[in-house]
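Visitor: Sharing a structure with you now.
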Amino acid sequence: MSFMSKFESTIEKTLVPVASKLNSQRHVCAVRDAFILTFPVTMAGSLMLLINFVILSPKGFINQILRLSKVFPNIEQYQAIFTPVIKGSTDILAILVVFLVARNLAKAMGGDDLLTGITALSIFFIIYPANISIENQSYMATRFFGAQGLFVALIVGLLVAEILTRFSKNKKLEIKMPEQVPPAVARTFKILIPVIMTTVIFAISNYILLKFTEGGLHTLVYNILQAPMTALGSNAFSIILISIVCNLLWVMGIHGTNTMSAVISAMTVEPRAANLTYVTEMGTAWGAPYPITYDTYYIFGTLGGSGSTLGLIIAILLVSKLMDQREIAKLSLGCGIFNINEPVIFGLPIVLNPIMLVPFVFAPEVTSIITFSAVNFKLMPPPVYSVPWTTPAPIYQFLATGGHWTGAVVGIICLVATVLVYAPFVIASNKLAAKDTDRSGENIVNI
């Protein structure tokens with residue numbers, strides 16, 4: 001059995017089944033899809049910040065280049081138009097997620113997805129920390145509306161969906177209405193008892209928990225789970241480890257980022273929100289509380305897509321003599337510029353290709369070392385602005401760092417580094433193909 005056959009056999013028997021089950025597991029899917037659905041809202045918030053501090057701010061890069069402040073006096077006053085967008089996006093992320101997770105899981109279990117989502121949202125506030133009293137006025141703290149309440153949102157969403165959906169499938173708990181009753185009314189009465197029972201369970205549990213811990217579930221979960229996950233999400237070594245796993249899954253033909261999205265989101269969401277809040281208050285990314293995050297890796301380590309395959313395409317066009325490789329590279333270049341790399345991953349292919357495994361997995365880690373070093377030595381500001389992932393490099397890196405020129409320079413350096421990493425393996429693949437051709441010719445002669 002050849003090396004390639006052994007490689008494929010090992011992958012098929014061990015990692016592929018595990019990854020496939022994980023990718024289809026209903027709880028993982030519910031969490032993953034919830035974050036996907038909130039992405040447009042959080043992206044909108046990030047883009048509004050980008051407009052505020054790159055274009056409208058007097059110190060913004062675009063403002064200074066085009067001298068907008070001279071053409072439009074007091075242009076910074078228009079920042080007030082876009083600043084409130086953050087309040088309706090990242091600042092209420094936990095509220096959005098608790099509804100969506102419960103809805104997604106209930107849908108997967110065959111329950112009433114809409115009413116389950118509403119119930120989860122209700123319970124999220126039932127167990128929310130007590131109001132704060134200031135000068136005889138009662139106020140609800142918004143601390144756990146956003147990223148800090150995310151883990152409780154996930155727990156509540158998953159538990160409510162599991163409990164309520166199972167209760168609602170019990171015919172003994174169902175209230176049947178006459179046929180002449182409107183469908184919307186009949187729908188609510190059908191699971192009325194399960195909703196009440198689920199609410200009571202959480203209310204009693206919250207009351208008991210408050211006897212043992214101040215602040216209830218939100219504070220307890222944040223201290224036990226979310227704080228450590230946030231620490232992992234801002235640690236260079238854990239970020240590199242996650243990225244290696246994602247790229248290994250890609251080599252097996254499995255969408256690594258999607259498979260690991262639940263873990264990545266849990267690690268990333270609070271640092272990302274904290275950085276955006278800092279930018280909102282300070283007007284700059286310099287000094288952001290979490291300079292190293294998964295976003296730092298992603299923005300500079302996925303040039304052309306996962307595995308930084310734009311570097312591979314350029315390396316093929318520069319050093320490859322194989323016509324089929326060059327044709328695939330030419331066809332993939334347009335997509336690769338916009339960070340879409342399925343053509344090269346499945347066309348070259350990279351999937352189950354032992355020669356390309358090493359550079360595909362480790363080229364992004366080379367760029368991570370370059371990027372993390374640049375941030376740590378304050379050669380460029382942290383890339384804290386969310387930019388559409390299809391933005392070409394180095395414009396992507398330029399905008400992500402708030403329009404700082406060093407972001408573009410580091411992006412170019414990273415791209416050159418990936419070309420240098422891929423080039424020896426492209427040459428090796430050429431030599432292997434030449435040997436295979438020679439062997440094929442020998443076999444024909446012998447025949």
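All residue names refer to the structure tokens as shown: chains lettered A, B, ... in order, residues numbered from 1 in each chain, ligands numbered from 1 in order.
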Hey, what's within 9 Å of Leu68 of chain A if we count only C-alpha atoms and toss same-chain stuff fewer than 4 positions away? As a PyMOL selection string, please?
Guide: chain A and resi 55-56+58+62-64+72-73+75
Visitor: Could you pull out the helix (DSSP H, G or I) residues of segment 226-358 of chain A from DSSP and send them as an MDAnalysis selection string?
Guide: chainID A and resid 226:233 236:251 256:259 261:282 294:301 309:319 323:337 342:347 354:358
Visitor: For segment 103-109 of chain A, work out the shell of residues within 10 Å, counting only C-alpha atoms and skipping chain neighbours fewer than 6 positions away, then give it as a count of residues only.
Guide: 26
Visitor: Report, in Å with one decimal, the straight-line distance from atom CA of Thr42 of chain A to atom CA of Thr391 of chain A.
Guide: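 Atom CA of Thr42 of chain A sits 16.9 Å away from atom CA of Thr391 of chain A.
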Visitor: What is the atom CA of Ala266 of chain A-atom CA of Tyr396 of chain A distance in Å, reported with one decimal?
Guide: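 Computing the Euclidean distance for atom CA of Ala266 of chain A and atom CA of Tyr396 of chain A yields 23.7 Å.
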Visitor: Can you measure atom CA of Leu248 of chain A to atom CA of Asn339 of chain A for me? One decimal in Å is fine.
Guide: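 Atom CA of Asn339 of chain A lies at a distance of 18.4 Å from atom CA of Leu248 of chain A.
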Visitor: May I ask which of the residues A:Trp286, A:Phe425, A:Phe99, A:Tyr278 is the closest one to Ser122 of chain A, counting only C-alpha atoms?
Guide: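 Nearest candidate to Ser122 of chain A out of A:Trp286, A:Phe425, A:Phe99, A:Tyr278: A:Phe99.
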Visitor: Extract, using only C-alpha atoms, all DNA, RNA and protein residues at most 8 Å from segment 198-212 of chain A, discarding same-chain residues fewer than 2 positions from it, and format them as a short mmCIF file (atom, residue, chain, number, x, y, z; two decimals) with N, CA and C atoms, in the first residue's frame.
Guide:
data_model
loop_
_atom_site.label_atom_id
_atom_site.label_comp_id
_atom_site.auth_asym_id
_atom_site.auth_seq_id
_atom_site.Cartn_x
_atom_site.Cartn_y
_atom_site.Cartn_z
N THR A 119 -39.56 31.87 25.00
CA THR A 119 -39.48 31.39 26.37
C THR A 119 -38.06 31.49 26.91
N ILE A 123 -36.80 33.60 30.16
CA ILE A 123 -36.08 33.00 31.28
C ILE A 123 -34.72 33.66 31.48
N ILE A 126 -35.54 36.32 33.66
CA ILE A 126 -36.02 35.85 34.97
C ILE A 126 -34.85 35.59 35.91
N ILE A 127 -33.78 35.00 35.37
CA ILE A 127 -32.62 34.67 36.20
C ILE A 127 -31.57 35.77 36.17
N VAL A 160 -33.40 25.33 27.87
CA VAL A 160 -34.82 25.63 27.64
C VAL A 160 -35.34 24.83 26.45
N ILE A 163 -35.64 21.04 27.53
CA ILE A 163 -36.72 20.79 28.50
C ILE A 163 -38.08 21.07 27.88
N LEU A 164 -38.24 22.25 27.29
CA LEU A 164 -39.55 22.65 26.76
C LEU A 164 -39.99 21.75 25.61
N PRO A 194 -46.33 23.29 29.22
CA PRO A 194 -44.86 23.11 29.19
C PRO A 194 -44.08 24.41 29.41
N VAL A 195 -44.59 25.53 28.87
CA VAL A 195 -43.89 26.81 29.07
C VAL A 195 -43.92 27.20 30.55
N ILE A 196 -45.09 27.05 31.19
CA ILE A 196 -45.21 27.39 32.61
C ILE A 196 -44.30 26.49 33.45
N GLU A 214 -23.62 34.89 45.15
CA GLU A 214 -24.11 36.25 44.88
C GLU A 214 -24.03 36.53 43.38
N GLY A 215 -25.08 37.09 42.83
CA GLY A 215 -25.10 37.41 41.41
C GLY A 215 -25.74 36.34 40.55
N GLY A 216 -26.01 35.16 41.15
CA GLY A 216 -26.72 34.12 40.42
C GLY A 216 -25.90 33.46 39.33
N LEU A 217 -26.61 32.88 38.37
CA LEU A 217 -25.97 32.08 37.32
C LEU A 217 -25.03 32.91 36.45
#
